[in-house]
>>> print(open('data30.pdb').read())   # PDB, C-alpha atoms
ATOM      1  CA  MET A   1      14.200 -15.824 -31.373
ATOM      2  CA  ILE A   2      11.554 -13.683 -32.976
ATOM      3  CA  ASN A   3       9.960 -15.216 -36.050
ATOM      4  CA  GLN A   4      10.206 -12.699 -38.853
ATOM      5  CA  LYS A   5       8.447 -14.806 -41.498
ATOM      6  CA  ASN A   6       5.291 -12.728 -41.463
ATOM      7  CA  GLU A   7       6.718  -9.307 -42.154
ATOM      8  CA  ILE A   8       4.983  -6.508 -40.321
ATOM      9  CA  SER A   9       4.265  -3.376 -42.343
ATOM     10  CA  VAL A  10       5.791  -0.383 -40.575
ATOM     11  CA  GLU A  11       3.818   1.953 -42.869
ATOM     12  CA  ALA A  12       0.535   0.328 -41.815
ATOM     13  CA  LEU A  13       1.530   0.556 -38.141
ATOM     14  CA  ARG A  14       2.382   4.225 -38.448
ATOM     15  CA  ALA A  15      -0.862   4.861 -40.279
ATOM     16  CA  GLY A  16      -2.681   3.541 -37.196
ATOM     17  CA  ASP A  17      -3.804   0.196 -38.624
ATOM     18  CA  ARG A  18      -5.141  -1.637 -35.526
ATOM     19  CA  GLU A  19      -5.183  -5.052 -37.156
ATOM     20  CA  GLU A  20      -1.528  -4.698 -38.129
ATOM     21  CA  PHE A  21      -0.718  -3.686 -34.563
ATOM     22  CA  SER A  22      -2.498  -6.804 -33.271
ATOM     23  CA  ARG A  23      -0.315  -8.858 -35.682
ATOM     24  CA  LEU A  24       2.754  -7.131 -34.244
ATOM     25  CA  VAL A  25       1.628  -8.014 -30.717
ATOM     26  CA  ASP A  26       1.028 -11.659 -31.623
ATOM     27  CA  ALA A  27       4.320 -11.962 -33.487
ATOM     28  CA  TYR A  28       6.464 -10.456 -30.741
ATOM     29  CA  SER A  29       4.681 -10.941 -27.420
ATOM     30  CA  GLY A  30       6.120 -14.466 -26.920
ATOM     31  CA  PRO A  31       9.792 -13.456 -27.069
ATOM     32  CA  ILE A  32       9.155 -10.225 -25.128
ATOM     33  CA  TYR A  33       7.351 -12.131 -22.361
ATOM     34  CA  ARG A  34      10.152 -14.713 -22.254
ATOM     35  CA  LEU A  35      12.801 -11.972 -21.990
ATOM     36  CA  ALA A  36      10.882 -10.319 -19.149
ATOM     37  CA  LEU A  37      10.366 -13.603 -17.320
ATOM     38  CA  LYS A  38      14.055 -14.562 -17.576
ATOM     39  CA  MET A  39      15.046 -11.067 -16.478
ATOM     40  CA  LEU A  40      12.650 -10.757 -13.525
ATOM     41  CA  GLY A  41      11.713 -14.330 -12.610
ATOM     42  CA  ILE A  42       8.179 -13.392 -11.510
ATOM     43  CA  PRO A  43       5.249 -13.912 -13.940
ATOM     44  CA  THR A  44       3.251 -10.860 -12.760
ATOM     45  CA  ASP A  45       6.323  -8.611 -13.190
ATOM     46  CA  ALA A  46       6.924 -10.106 -16.636
ATOM     47  CA  GLU A  47       3.319  -9.354 -17.566
ATOM     48  CA  ASP A  48       3.752  -5.727 -16.451
ATOM     49  CA  VAL A  49       6.820  -5.416 -18.675
ATOM     50  CA  LEU A  50       4.966  -7.034 -21.578
ATOM     51  CA  GLN A  51       2.029  -4.625 -21.274
ATOM     52  CA  ASN A  52       4.216  -1.549 -20.807
ATOM     53  CA  THR A  53       6.367  -2.517 -23.788
ATOM     54  CA  PHE A  54       3.428  -2.583 -26.190
ATOM     55  CA  LEU A  55       1.759   0.461 -24.619
ATOM     56  CA  LYS A  56       4.988   2.417 -25.169
ATOM     57  CA  ALA A  57       5.390   0.998 -28.667
ATOM     58  CA  LEU A  58       1.882   2.155 -29.511
ATOM     59  CA  GLN A  59       2.565   5.559 -28.002
ATOM     60  CA  HIS A  60       5.880   6.045 -29.863
ATOM     61  CA  LEU A  61       5.137   4.430 -33.225
ATOM     62  CA  LYS A  62       5.234   7.859 -34.839
ATOM     63  CA  ASP A  63       8.833   8.317 -33.644
ATOM     64  CA  PHE A  64      10.029   4.953 -34.980
ATOM     65  CA  GLU A  65      12.368   5.869 -37.816
ATOM     66  CA  GLY A  66      13.230   2.359 -38.944
ATOM     67  CA  ARG A  67      16.968   2.778 -38.290
ATOM     68  CA  SER A  68      16.836  -0.549 -36.463
ATOM     69  CA  SER A  69      14.432  -3.426 -37.108
ATOM     70  CA  VAL A  70      11.024  -3.475 -35.399
ATOM     71  CA  SER A  71      12.151  -6.437 -33.281
ATOM     72  CA  THR A  72      15.296  -4.638 -32.047
ATOM     73  CA  TRP A  73      13.166  -1.585 -31.272
ATOM     74  CA  LEU A  74      10.735  -3.701 -29.219
ATOM     75  CA  TYR A  75      13.597  -5.467 -27.430
ATOM     76  CA  ARG A  76      15.007  -2.047 -26.605
ATOM     77  CA  ILE A  77      11.747  -0.886 -25.018
ATOM     78  CA  ALA A  78      11.303  -4.200 -23.173
ATOM     79  CA  SER A  79      14.904  -4.211 -21.870
ATOM     80  CA  ASN A  80      14.499  -0.677 -20.531
ATOM     81  CA  GLU A  81      11.199  -1.570 -18.893
ATOM     82  CA  ALA A  82      12.660  -4.682 -17.246
ATOM     83  CA  LEU A  83      15.776  -2.853 -16.011
ATOM     84  CA  MET A  84      13.680   0.037 -14.692
ATOM     85  CA  LEU A  85      11.436  -2.337 -12.766
ATOM     86  CA  LEU A  86      14.445  -4.151 -11.280
ATOM     87  CA  ARG A  87      16.092  -0.898 -10.238
ATOM     88  CA  LYS A  88      12.864   0.342  -8.713
ATOM     89  CA  GLN A  89      12.610  -2.852  -6.681
ATOM     90  CA  ARG A  90      16.288  -3.035  -5.750
ATOM     91  CA  PRO A  91      18.012   0.319  -6.358
ATOM     92  CA  GLU A  92      21.313  -0.885  -4.891
ATOM     93  CA  ILE A  93      21.864  -3.391  -7.731
ATOM     94  CA  SER A  94      22.725  -0.962 -10.490
ATOM     95  CA  LEU A  95      25.632   0.470  -8.487
ATOM     96  CA  SER A  96      27.195  -2.926  -7.767
ATOM     97  CA  ASP A  97      26.859  -3.827 -11.457
ATOM     98  CA  ALA A  98      28.640  -0.662 -12.494
ATOM     99  CA  VAL A  99      31.530  -1.541 -10.207
ATOM    100  CA  GLN A 100      31.736  -5.054 -11.654
ATOM    101  CA  ASP A 101      31.926  -3.695 -15.184
ATOM    102  CA  ASP A 102      35.191  -2.006 -14.321
ATOM    103  CA  ASP A 103      36.790  -5.171 -13.030
ATOM    104  CA  SER A 104      39.300  -7.088 -15.084
ATOM    105  CA  ASN A 105      38.545 -10.537 -16.454
ATOM    106  CA  SER A 106      40.772 -12.063 -13.776
ATOM    107  CA  ASP A 107      37.813 -12.560 -11.441
ATOM    108  CA  TYR A 108      36.204 -14.727 -14.075
ATOM    109  CA  PHE A 109      38.988 -17.256 -14.423
ATOM    110  CA  PRO A 110      37.455 -20.770 -14.548
ATOM    111  CA  GLU A 111      37.629 -22.910 -11.434
ATOM    112  CA  GLN A 112      35.525 -25.899 -12.471
ATOM    113  CA  PHE A 113      37.092 -28.403 -14.851
ATOM    114  CA  THR A 114      34.601 -31.261 -14.847
ATOM    115  CA  ASP A 115      33.607 -32.395 -18.322
ATOM    116  CA  TRP A 116      29.839 -32.865 -18.055
ATOM    117  CA  CYS A 117      29.115 -32.721 -21.796
ATOM    118  CA  CYS A 118      29.041 -36.533 -21.841
ATOM    119  CA  LEU A 119      25.888 -36.720 -19.693
ATOM    120  CA  PRO A 120      23.000 -38.445 -21.497
ATOM    121  CA  GLU A 121      20.621 -36.105 -23.337
ATOM    122  CA  ASP A 122      17.648 -36.859 -21.027
ATOM    123  CA  GLU A 123      19.640 -35.268 -18.195
ATOM    124  CA  PHE A 124      19.582 -31.921 -20.037
ATOM    125  CA  LEU A 125      15.896 -32.184 -20.924
ATOM    126  CA  SER A 126      14.558 -32.727 -17.389
ATOM    127  CA  SER A 127      12.468 -30.028 -15.709
ATOM    128  CA  GLU A 128      15.021 -29.983 -12.882
ATOM    129  CA  SER A 129      17.752 -29.184 -15.399
ATOM    130  CA  LYS A 130      15.663 -26.390 -16.934
ATOM    131  CA  ALA A 131      15.045 -24.937 -13.484
ATOM    132  CA  ALA A 132      18.818 -25.009 -12.886
ATOM    133  CA  LEU A 133      19.366 -23.046 -16.121
ATOM    134  CA  ASP A 134      16.835 -20.396 -15.066
ATOM    135  CA  ARG A 135      18.290 -20.217 -11.558
ATOM    136  CA  ALA A 136      21.789 -19.642 -12.932
ATOM    137  CA  VAL A 137      20.600 -16.798 -15.197
ATOM    138  CA  GLY A 138      18.841 -15.260 -12.192
ATOM    139  CA  HIS A 139      22.162 -15.177 -10.325
ATOM    140  CA  LEU A 140      23.868 -13.019 -12.989
ATOM    141  CA  PRO A 141      24.270  -9.301 -12.298
ATOM    142  CA  GLU A 142      21.451  -7.548 -14.176
ATOM    143  CA  THR A 143      23.700  -5.817 -16.735
ATOM    144  CA  GLN A 144      25.212  -9.172 -17.729
ATOM    145  CA  ARG A 145      21.854 -10.935 -17.574
ATOM    146  CA  ILE A 146      20.181  -8.649 -20.107
ATOM    147  CA  VAL A 147      23.106  -8.963 -22.540
ATOM    148  CA  PHE A 148      23.121 -12.759 -22.218
ATOM    149  CA  ILE A 149      19.334 -13.030 -22.713
ATOM    150  CA  LEU A 150      19.345 -10.841 -25.811
ATOM    151  CA  ARG A 151      22.391 -12.467 -27.401
ATOM    152  CA  ASP A 152      22.267 -16.133 -26.387
ATOM    153  CA  ILE A 153      18.591 -16.759 -25.665
ATOM    154  CA  GLU A 154      16.864 -14.400 -28.101
ATOM    155  CA  GLY A 155      19.601 -14.784 -30.702
ATOM    156  CA  LEU A 156      20.328 -11.111 -31.450
ATOM    157  CA  SER A 157      23.690 -10.297 -33.011
ATOM    158  CA  ILE A 158      26.308  -8.313 -31.070
ATOM    159  CA  ARG A 159      25.349  -5.229 -33.115
ATOM    160  CA  GLU A 160      21.611  -5.659 -32.469
ATOM    161  CA  THR A 161      22.259  -6.227 -28.762
ATOM    162  CA  SER A 162      24.366  -3.089 -28.719
ATOM    163  CA  GLU A 163      21.550  -1.126 -30.416
ATOM    164  CA  ALA A 164      18.874  -2.528 -28.105
ATOM    165  CA  LEU A 165      20.847  -1.560 -24.997
ATOM    166  CA  ASP A 166      22.432   1.629 -26.306
ATOM    167  CA  LEU A 167      25.796   0.179 -25.315
ATOM    168  CA  ASN A 168      28.971  -0.007 -27.398
ATOM    169  CA  GLU A 169      29.874  -3.373 -28.909
ATOM    170  CA  ALA A 170      33.034  -3.786 -26.808
ATOM    171  CA  ALA A 171      30.986  -3.459 -23.598
ATOM    172  CA  VAL A 172      28.414  -5.935 -24.939
ATOM    173  CA  LYS A 173      31.192  -8.438 -25.662
ATOM    174  CA  THR A 174      32.774  -8.000 -22.237
ATOM    175  CA  ARG A 175      29.472  -8.504 -20.420
ATOM    176  CA  LEU A 176      28.587 -11.456 -22.625
ATOM    177  CA  LEU A 177      31.883 -13.211 -21.932
ATOM    178  CA  ARG A 178      31.521 -12.691 -18.176
ATOM    179  CA  ALA A 179      27.932 -13.929 -18.237
ATOM    180  CA  ARG A 180      28.877 -17.027 -20.224
ATOM    181  CA  LEU A 181      31.823 -17.858 -17.946
ATOM    182  CA  HIS A 182      29.703 -17.301 -14.845
ATOM    183  CA  LEU A 183      26.957 -19.593 -16.180
ATOM    184  CA  ARG A 184      29.456 -22.263 -17.262
ATOM    185  CA  GLU A 185      30.867 -22.236 -13.750
ATOM    186  CA  GLU A 186      27.449 -22.602 -12.120
ATOM    187  CA  LEU A 187      26.264 -25.287 -14.553
ATOM    188  CA  SER A 188      29.539 -27.174 -14.021
ATOM    189  CA  THR A 189      28.717 -27.403 -10.324
ATOM    190  CA  TYR A 190      25.164 -28.572 -11.032
ATOM    191  CA  TYR A 191      25.958 -31.080 -13.797
ATOM    192  CA  GLY A 192      29.134 -32.195 -12.016
ATOM    193  CA  GLU A 193      26.933 -33.338  -9.129
ATOM    194  CA  ARG A 194      24.605 -35.103 -11.571
ATOM    195  CA  LEU A 195      27.632 -36.847 -13.036
ATOM    196  CA  ASP A 196      28.749 -37.977  -9.559
ATOM    197  CA  LYS A 197      25.282 -39.345  -8.776
ATOM    198  CA  ARG A 198      25.219 -41.351 -11.988
ATOM    199  CA  SER A 199      28.630 -42.884 -11.387
ATOM    200  CA  LYS A 200      27.684 -44.119  -7.878
TER
ATOM    201  CA  MET B   1      49.146 -34.371 -17.983
ATOM    202  CA  GLN B   2      51.919 -32.657 -19.921
ATOM    203  CA  GLU B   3      53.383 -29.550 -18.265
ATOM    204  CA  HIS B   4      52.616 -26.391 -20.159
ATOM    205  CA  ASP B   5      52.498 -22.632 -19.763
ATOM    206  CA  HIS B   6      49.327 -21.897 -17.757
ATOM    207  CA  SER B   7      49.709 -18.144 -18.240
ATOM    208  CA  LYS B   8      48.440 -18.773 -21.783
ATOM    209  CA  CYS B   9      45.126 -20.094 -20.403
ATOM    210  CA  ARG B  10      44.553 -16.713 -18.784
ATOM    211  CA  SER B  11      45.617 -14.708 -21.823
ATOM    212  CA  TYR B  12      43.154 -16.532 -24.103
ATOM    213  CA  LEU B  13      40.234 -16.035 -21.713
ATOM    214  CA  GLY B  14      39.227 -12.691 -23.243
ATOM    215  CA  SER B  15      38.957 -14.243 -26.716
ATOM    216  CA  LEU B  16      36.850 -17.258 -25.723
ATOM    217  CA  SER B  17      33.463 -15.780 -26.673
ATOM    218  CA  ASP B  18      34.638 -14.830 -30.157
ATOM    219  CA  TYR B  19      36.329 -18.221 -30.453
ATOM    220  CA  VAL B  20      33.192 -20.256 -29.699
ATOM    221  CA  ASP B  21      31.076 -17.897 -31.847
ATOM    222  CA  GLY B  22      33.466 -18.437 -34.774
ATOM    223  CA  THR B  23      34.160 -14.711 -35.110
ATOM    224  CA  LEU B  24      37.806 -14.727 -34.059
ATOM    225  CA  CYS B  25      40.546 -14.039 -36.607
ATOM    226  CA  GLU B  26      42.081 -17.142 -38.159
ATOM    227  CA  GLU B  27      45.527 -16.602 -36.669
ATOM    228  CA  LEU B  28      44.344 -16.372 -33.059
ATOM    229  CA  CYS B  29      41.915 -19.201 -33.676
ATOM    230  CA  LYS B  30      44.767 -21.502 -34.661
ATOM    231  CA  GLU B  31      46.783 -20.418 -31.619
ATOM    232  CA  ILE B  32      43.901 -21.270 -29.305
ATOM    233  CA  GLU B  33      43.248 -24.598 -31.037
ATOM    234  CA  LEU B  34      46.889 -25.525 -30.608
ATOM    235  CA  HIS B  35      46.808 -24.538 -26.931
ATOM    236  CA  VAL B  36      43.516 -26.329 -26.226
ATOM    237  CA  ALA B  37      44.824 -29.524 -27.837
ATOM    238  CA  GLY B  38      47.577 -29.655 -25.211
ATOM    239  CA  CYS B  39      45.694 -28.289 -22.189
ATOM    240  CA  GLU B  40      43.123 -30.583 -20.659
ATOM    241  CA  ASN B  41      41.524 -27.885 -18.503
ATOM    242  CA  CYS B  42      41.100 -25.432 -21.387
ATOM    243  CA  HIS B  43      39.679 -28.233 -23.509
ATOM    244  CA  VAL B  44      36.998 -28.833 -20.869
ATOM    245  CA  VAL B  45      36.311 -25.106 -20.498
ATOM    246  CA  VAL B  46      35.786 -24.667 -24.256
ATOM    247  CA  ASP B  47      33.553 -27.765 -24.543
ATOM    248  CA  THR B  48      31.420 -26.926 -21.504
ATOM    249  CA  LEU B  49      31.179 -23.275 -22.552
ATOM    250  CA  ARG B  50      29.827 -24.364 -25.954
ATOM    251  CA  LYS B  51      27.400 -26.749 -24.241
ATOM    252  CA  THR B  52      26.252 -24.007 -21.841
ATOM    253  CA  ILE B  53      25.447 -21.662 -24.727
ATOM    254  CA  SER B  54      23.669 -24.371 -26.729
ATOM    255  CA  LEU B  55      21.507 -25.392 -23.739
ATOM    256  CA  TYR B  56      20.242 -21.824 -23.364
ATOM    257  CA  HIS B  57      19.802 -21.432 -27.097
ATOM    258  CA  GLU B  58      17.668 -24.577 -27.190
ATOM    259  CA  SER B  59      15.602 -23.367 -24.226
ATOM    260  CA  ALA B  60      14.476 -20.410 -26.383
ATOM    261  CA  THR B  61      12.909 -22.627 -29.036
ATOM    262  CA  GLU B  62      10.544 -24.170 -26.498
ATOM    263  CA  ALA B  63       9.116 -21.478 -24.263
ATOM    264  CA  GLY B  64       8.105 -18.592 -26.520
ATOM    265  CA  GLU B  65       4.375 -18.770 -25.856
ATOM    266  CA  VAL B  66       2.380 -16.240 -23.875
ATOM    267  CA  PRO B  67      -0.169 -17.896 -21.547
ATOM    268  CA  GLY B  68      -3.742 -17.472 -22.851
ATOM    269  CA  LEU B  69      -4.947 -15.247 -20.008
ATOM    270  CA  VAL B  70      -1.850 -13.036 -20.259
ATOM    271  CA  ARG B  71      -2.525 -12.568 -23.981
ATOM    272  CA  GLU B  72      -6.149 -11.771 -23.288
ATOM    273  CA  ARG B  73      -5.298  -9.119 -20.688
ATOM    274  CA  LEU B  74      -2.649  -7.658 -23.015
ATOM    275  CA  PHE B  75      -5.122  -7.290 -25.882
ATOM    276  CA  ARG B  76      -7.694  -5.695 -23.577
ATOM    277  CA  THR B  77      -5.105  -3.254 -22.185
ATOM    278  CA  LEU B  78      -4.193  -2.261 -25.742
ATOM    279  CA  LYS B  79      -7.895  -1.986 -26.678
ATOM    280  CA  LEU B  80      -7.428  -4.685 -29.300
ATOM    281  CA  ASP B  81     -10.361  -6.798 -28.066
ATOM    282  CA  ASP B  82     -11.724  -7.105 -31.611
ATOM    283  CA  TYR B  83      -8.658  -9.089 -32.652
ATOM    284  CA  LEU B  84      -8.589 -11.471 -29.671
ATOM    285  CA  ARG B  85     -10.287 -14.401 -31.414
ATOM    286  CA  HIS B  86      -7.178 -15.513 -33.375
TER
END
>>> encode(input="data30.pdb", output="structure tokens")
Amino acid sequence: MINQKNEISVEALRAGDREEFSRLVDAYSGPIYRLALKMLGIPTDAEDVLQNTFLKALQHLKDFEGRSSVSTWLYRIASNEALMLLRKQRPEISLSDAVQDDDSNSDYFPEQFTDWCCLPEDEFLSSESKAALDRAVGHLPETQRIVFILRDIEGLSIRETSEALDLNEAAVKTRLLRARLHLREELSTYYGERLDKRSK
Amino acid sequence: MQEHDHSKCRSYLGSLSDYVDGTLCEELCKEIELHVAGCENCHVVVDTLRKTISLYHESATEAGEVPGLVRERLFRTLKLDDYLRH
């Protein structure tokens, strides 16, 4: 989640204060880079998104009206950049996502009922476990992935996520639920196997 | 396990996100709680869904740093070289 302790002055930014802009970059580059990396999975692609996000922010500062917070505005630019890069690389994805959005929730009915919450904490902290979390996010359709990252990783509210993606709140909620159920299913397979190994 | 109406499991699916986020209306919340108390599978789904969300939430508190060289290239691209020393 973006740390908002050191408030950035929008007036100073709009007045062209370079030092204030460098503070903006340092305050927000971590979360923006993380979003891009989770979205794209490749560090060089994430760096492209990071650079383009701040280049566009610099270019459009004059147009920023303050209707949303600076962080939501930056997330909006970064999300667009990441989605554009993905669609450029794999243009067929956006179509399949659109089809999935029309489906009913019935395809998302849980199939895994192993209770893996009881695993010891060190199991969840291992690098293998963290890789499994990243892998599962990477398997989500891109329109669900971006909603999940903004809401559950970056900690935006439903309203902020809706503003960042220019999507109505009902659609955000639907995509979020599907993403969460999909991830729960995949993690249940992974941690279920860990549970089996421990009991042998 | 006690026999119960599994069609309810499906009907509550759409409310699960709001339920685990604590944003569901009190009435429906109580209904789900009552159902989950008597349905082992739904109990597991709710618990593991909460755990899934918390694992990702925790992952965000750790990895929010930009690698040094990435930061350096970003500052140079933005012509902010003068502020790189921080």
>>> interface_residues(input="data30.pdb", of="chain B", to="chain A", cutoff="10 Å", atoms="only C-alpha atoms", output="PyMOL selection string")
chain B and resi 9-11+13-18+40-61+63-67+70-71+73-75+77-84+86
>>> atom_distance(input="data30.pdb", atom1="atom CA of A:Ile8", atom2="atom CA of A:Glu20")
7.1 Å
>>> axis_aligned_box(input="data30.pdb", around="stretch 46-61 of chain B", padding_each_side="6 Å", output="AutoDock Vina command-line options")
--center_x 24.3 --center_y -24.1 --center_z -25.3 --size_x 34.9 --size_y 19.4 --size_z 19.5
>>> closest_residue(input="data30.pdb", among="B:Val36, B:Arg76, B:Tyr19, B:Glu27", to="B:His6", atoms="all atoms listed in the file")
B:Val36
>>> residues_around(input="data30.pdb", residues="A:Thr72", least_positions_apart="6", cutoff="10 Å", atoms="only C-alpha atoms", output="NGL selection string")
:A and (2 or 78 or 150 or 156 or 160-165)
>>> atom_distance(input="data30.pdb", atom1="atom CA of A:Arg90", atom2="atom CA of A:Ile158")
27.7 Å
